[in-house]
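Below is one structure; the comments refer to it alone.
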Amino acid sequence: MATIRQRIAGRTLAPGAKLPSIRGLAESMGVSKSTVVEAYERLAAEGAIQARRGSGFYVRRLPPLSLADVAPKLDRAVDPLWISRQSLDAGADSLRPGCGWLPPDWMPEASIRKALRKLGRADAATLAEYGTPLGLPALRHLLAHRLAERGVEAAPDQIVLTESGTQAIDLVCRFLLEPGDTVLVDDPCYFNFHALLRVHRVKIVGVPYTPSGPDLALFAQALTEHRPRLYVTNCALHNPTGATLSATTAHRLLKLAEQAGLTIVEDDIFGDLEPDFAPRLAGLDGLERVIQIGSFSKTLSASVRCGYIAARPDWVEGLTDLKVALSFGGGRLAAELVLDILKDGSYRRHVEALRQRLVRAMAETRGRLAALDIEPWLTPRGGLFLWCRLPDGLDAGEIARHALGEGVVLAPGNAFSLSRTARDFMRFNVAQAADPRIFSVLREAMRAAASHKSA
């Protein structure tokens, strides 16, 4: 396979050229014909070559490569999907202080590999059968215990496993919303909330977020004016601000929700990174009008797609029916993998080490940003993010485009703000900000933006 790839790369075998016969290549390389057949079939599966019945194998013709196809799209609008597109498309050499996840070497690689080896020895049903509609029972029991530790009482049959946290929100939206309904979100909030809600064709209304939670006066005003069906928010460590919901705000928020008949979706995806547990709306409410969702992409692996929904008992059947309609049995292998890792005491040690490592990274990143006169909106209790205001009213979108051209993906504030009032804000992921080149590029981008502003 390596020989053929090398010949294709070196143009010894040009696009459309016929490959050596199986017999001829086997004789010239001193291998069996079956080895050549296997190599050709694998190369065909990769798309490097193609088989023509009765004729042999040929180098696949590919469309001409344009530099525009591999360069970052600097002219794309800074919309709710801008950061996702740039972060996920970024090459291995790119720096991503604007993304929302941990670097691979911060994840429990040894535990994942150990669980994968164990899963490889599982029985045939585990490896090949569909999962049950609610999801793996043993994992749901374990999640019920974990939720109880945070004050959320949910029986295992009140928990529905999903493919991810994003699918969990999507299922809830499909279950509770109709096109034209109104949904409240924080301003700023996680940008994918905007994108997902637009898919459901609902009206989105933002409520300004404060260091202790949503602005309650404006929240109450929005309830009166818009009569929303749903409010979607983070708990524990808010994305992007890093703020923590206070107990007082939580109680008042639930009272307003009860009076207005409002359902709340509480995203607890960063819960394991929290140093001390803050109030959970789902716990204070008893899962009456609050639905909690979560996943393990931020602390275990973004490749292992496994999330959950915890909801009131009479909503579980409807949510489960939707799940079956959309994904049938769900990701059984992912659930088995997550279960095995969570049962291992190494996971608790892993998240404890993560919290300590994030504290150090937070301090280091704050220091580097301070040298650029960039100050955080608040000092978070923990987590990944610093929500920062740029000096002199600089345009974060302009700076992000400049930095992208230098291979650095940043997170401009208006991607998070429904009202587009965070033009001079930027979110920094401290776990992805260790490389000094980030701050050199950022400094140059700020200078360019300042020059453009004064011109």
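If you're wondering about the labels, chains in the structure tokens are A, B, ... by order shown, residues count from 1 in each chain, ligands from 1 in order shown.
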Check which residues of segment 220-280 of chain A sit at most 12 Å from segment 151-158 of chain A using only C-alpha atoms, and return one row each with the closest pair of atoms and their distance in Å to one decimal, ordered by chain and rising number, as a Markdown table.
```
| residue | atom | partner | partner_atom | distance |
| --- | --- | --- | --- | --- |
| A:Glu266 | CA | A:Val152 | CA | 11.7 |
| A:Asp268 | CA | A:Val152 | CA | 11.5 |
| A:Phe277 | CA | A:Gly151 | CA | 9.1 |
| A:Ala278 | CA | A:Gly151 | CA | 9.7 |
| A:Pro279 | CA | A:Gly151 | CA | 8.0 |
| A:Arg280 | CA | A:Gly151 | CA | 7.2 |
```
Save the residues we just selected, N, CA and C atoms, as a tab-separated table (two decimals), in the first residue's frame?
```
chain	number	residue	atom	x	y	z
A	266	GLU	N	-31.64	22.59	31.52
A	266	GLU	CA	-30.40	22.91	32.24
A	266	GLU	C	-29.28	22.01	31.72
A	268	ASP	N	-25.72	20.60	31.99
A	268	ASP	CA	-24.71	20.42	33.06
A	268	ASP	C	-23.43	19.80	32.51
A	277	PHE	N	-19.93	22.11	44.24
A	277	PHE	CA	-21.20	22.06	43.53
A	277	PHE	C	-22.06	23.29	43.85
A	278	ALA	N	-22.44	24.00	42.81
A	278	ALA	CA	-23.39	25.10	42.94
A	278	ALA	C	-24.81	24.54	42.84
A	279	PRO	N	-25.84	25.35	43.18
A	279	PRO	CA	-27.22	24.85	43.08
A	279	PRO	C	-27.57	24.41	41.66
A	280	ARG	N	-28.29	23.32	41.55
A	280	ARG	CA	-28.82	22.86	40.28
A	280	ARG	C	-30.32	23.15	40.26
```
Alpha helix (DSSP H) call set, DSSP backbone run, segment 138-358 of chain A, as number ranges by chain:
A: 138-149, 165-176, 191-199, 216-226, 247-260, 281-285, 313-327, 332-343, 346-358
Quick one: residues within 8 Å of segment 136-138 of chain A, only C-alpha atoms counted, chain neighbours fewer than 4 positions away excluded, as a ChimeraX atom specification?
/A:131-132,142,156,161,332,335-336,339
Go ahead and save the residues from that selection, with N, CA and C atoms, as a PDB file, in the first residue's frame.
```
ATOM      1  N   GLY A 131     -29.015  -1.201  21.282  1.00  0.00           N
ATOM      2  CA  GLY A 131     -29.233  -0.944  22.690  1.00  0.00           C
ATOM      3  C   GLY A 131     -30.723  -0.871  23.005  1.00  0.00           C
ATOM      4  N   THR A 132     -31.064  -0.874  24.270  1.00  0.00           N
ATOM      5  CA  THR A 132     -32.462  -0.738  24.680  1.00  0.00           C
ATOM      6  C   THR A 132     -32.917   0.710  24.481  1.00  0.00           C
ATOM      7  N   LEU A 142     -25.869   4.249  37.341  1.00  0.00           N
ATOM      8  CA  LEU A 142     -24.699   5.000  37.786  1.00  0.00           C
ATOM      9  C   LEU A 142     -24.925   6.505  37.650  1.00  0.00           C
ATOM     10  N   PRO A 156     -33.413   5.741  37.832  1.00  0.00           N
ATOM     11  CA  PRO A 156     -32.832   5.306  36.552  1.00  0.00           C
ATOM     12  C   PRO A 156     -33.806   5.344  35.385  1.00  0.00           C
ATOM     13  N   LEU A 161     -30.604   7.796  27.808  1.00  0.00           N
ATOM     14  CA  LEU A 161     -29.286   7.995  27.204  1.00  0.00           C
ATOM     15  C   LEU A 161     -29.443   8.482  25.764  1.00  0.00           C
ATOM     16  N   ARG A 332     -24.785   1.836  21.775  1.00  0.00           N
ATOM     17  CA  ARG A 332     -24.538   0.883  22.856  1.00  0.00           C
ATOM     18  C   ARG A 332     -23.053   0.780  23.199  1.00  0.00           C
ATOM     19  N   ALA A 335     -21.922   3.729  25.238  1.00  0.00           N
ATOM     20  CA  ALA A 335     -22.435   3.649  26.612  1.00  0.00           C
ATOM     21  C   ALA A 335     -21.646   2.637  27.440  1.00  0.00           C
ATOM     22  N   GLU A 336     -21.327   1.488  26.851  1.00  0.00           N
ATOM     23  CA  GLU A 336     -20.527   0.481  27.556  1.00  0.00           C
ATOM     24  C   GLU A 336     -19.148   1.042  27.909  1.00  0.00           C
ATOM     25  N   LEU A 339     -19.494   3.612  30.771  1.00  0.00           N
ATOM     26  CA  LEU A 339     -19.762   2.894  32.021  1.00  0.00           C
ATOM     27  C   LEU A 339     -18.486   2.327  32.607  1.00  0.00           C
TER      28      LEU A 339
END
```
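If you look at atom CA of Arg146 of chain A and atom CA of Pro313 of chain A, they are 18.4 Å away from each other.
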Name the residues in contact with segment 80-90 of chain A at a cut-off of 9 Å, using only C-alpha atoms, excluding same-chain residues fewer than 4 positions from it; report them as a PyMOL selection string.
chain A and resi 72-73+76+94-96+98-100+190-195+404+407-412+414-417
Mind checking which residues fall within 7 Å of segment 435-449 of chain A, counting only C-alpha atoms, ignoring those fewer than 4 positions away in the same chain, and posting them as a ChimeraX atom specification?
/A:372,394,398-399,402-403,408,453
Convert the current residue selection to file output with N, CA and C atoms, as a short mmCIF file (atom, residue, chain, number, x, y, z; two decimals), in the first residue's frame.
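Result saved to out.cif:
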```cif
data_model
loop_
_atom_site.label_atom_id
_atom_site.label_comp_id
_atom_site.auth_asym_id
_atom_site.auth_seq_id
_atom_site.Cartn_x
_atom_site.Cartn_y
_atom_site.Cartn_z
N LEU A 372 -1.61 42.23 27.49
CA LEU A 372 -2.21 42.83 26.30
C LEU A 372 -3.36 43.76 26.65
N LEU A 394 -12.06 47.44 20.60
CA LEU A 394 -11.62 46.73 19.39
C LEU A 394 -12.66 45.70 18.95
N GLU A 398 -13.06 41.18 13.75
CA GLU A 398 -11.95 41.56 12.88
C GLU A 398 -10.64 40.92 13.36
N ILE A 399 -10.44 40.92 14.67
CA ILE A 399 -9.23 40.31 15.23
C ILE A 399 -9.22 38.81 14.97
N HIS A 402 -8.24 38.05 11.36
CA HIS A 402 -6.80 38.24 11.17
C HIS A 402 -6.03 37.05 11.74
N ALA A 403 -6.38 36.65 12.95
CA ALA A 403 -5.69 35.54 13.61
C ALA A 403 -5.88 34.23 12.85
N VAL A 408 -4.56 30.67 13.97
CA VAL A 408 -5.05 30.72 15.35
C VAL A 408 -6.57 30.94 15.33
N LYS A 453 -9.10 50.91 12.81
CA LYS A 453 -10.10 51.72 13.48
C LYS A 453 -9.78 53.21 13.42
#
```
Counting only C-alpha atoms, which residues of segment 344-407 of chain A fall within 8 Å of segment 105-110 of chain A, and what is the closest atom pair for each with its distance in Å at one decimal, ordered by chain and rising number, as JSON lines?
```
{"residue": "A:Tyr347", "atom": "CA", "partner": "A:Pro108", "partner_atom": "CA", "distance": 7.7}
{"residue": "A:His350", "atom": "CA", "partner": "A:Pro108", "partner_atom": "CA", "distance": 6.8}
{"residue": "A:Leu354", "atom": "CA", "partner": "A:Trp106", "partner_atom": "CA", "distance": 7.5}
```
Atoms to include: N, CA and C atoms. Write the selected residues as a PDB file, in the first residue's frame.
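Dumped everything to out_12.pdb:
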```
ATOM      1  N   TYR A 347     -11.290   7.646  37.054  1.00  0.00           N
ATOM      2  CA  TYR A 347     -12.001   8.802  36.487  1.00  0.00           C
ATOM      3  C   TYR A 347     -12.109   9.935  37.499  1.00  0.00           C
ATOM      4  N   HIS A 350      -8.895  11.543  37.693  1.00  0.00           N
ATOM      5  CA  HIS A 350      -8.679  12.308  36.468  1.00  0.00           C
ATOM      6  C   HIS A 350      -9.327  13.682  36.558  1.00  0.00           C
ATOM      7  N   LEU A 354      -7.757  17.389  36.601  1.00  0.00           N
ATOM      8  CA  LEU A 354      -8.171  18.384  35.614  1.00  0.00           C
ATOM      9  C   LEU A 354      -8.464  19.721  36.279  1.00  0.00           C
TER      10      LEU A 354
END
```
Smallest atom-to-atom distance to Leu116 of chain A: which of A:Ala370, A:Leu384, A:Ala310, A:Leu337, using only C-alpha atoms?
A:Leu337
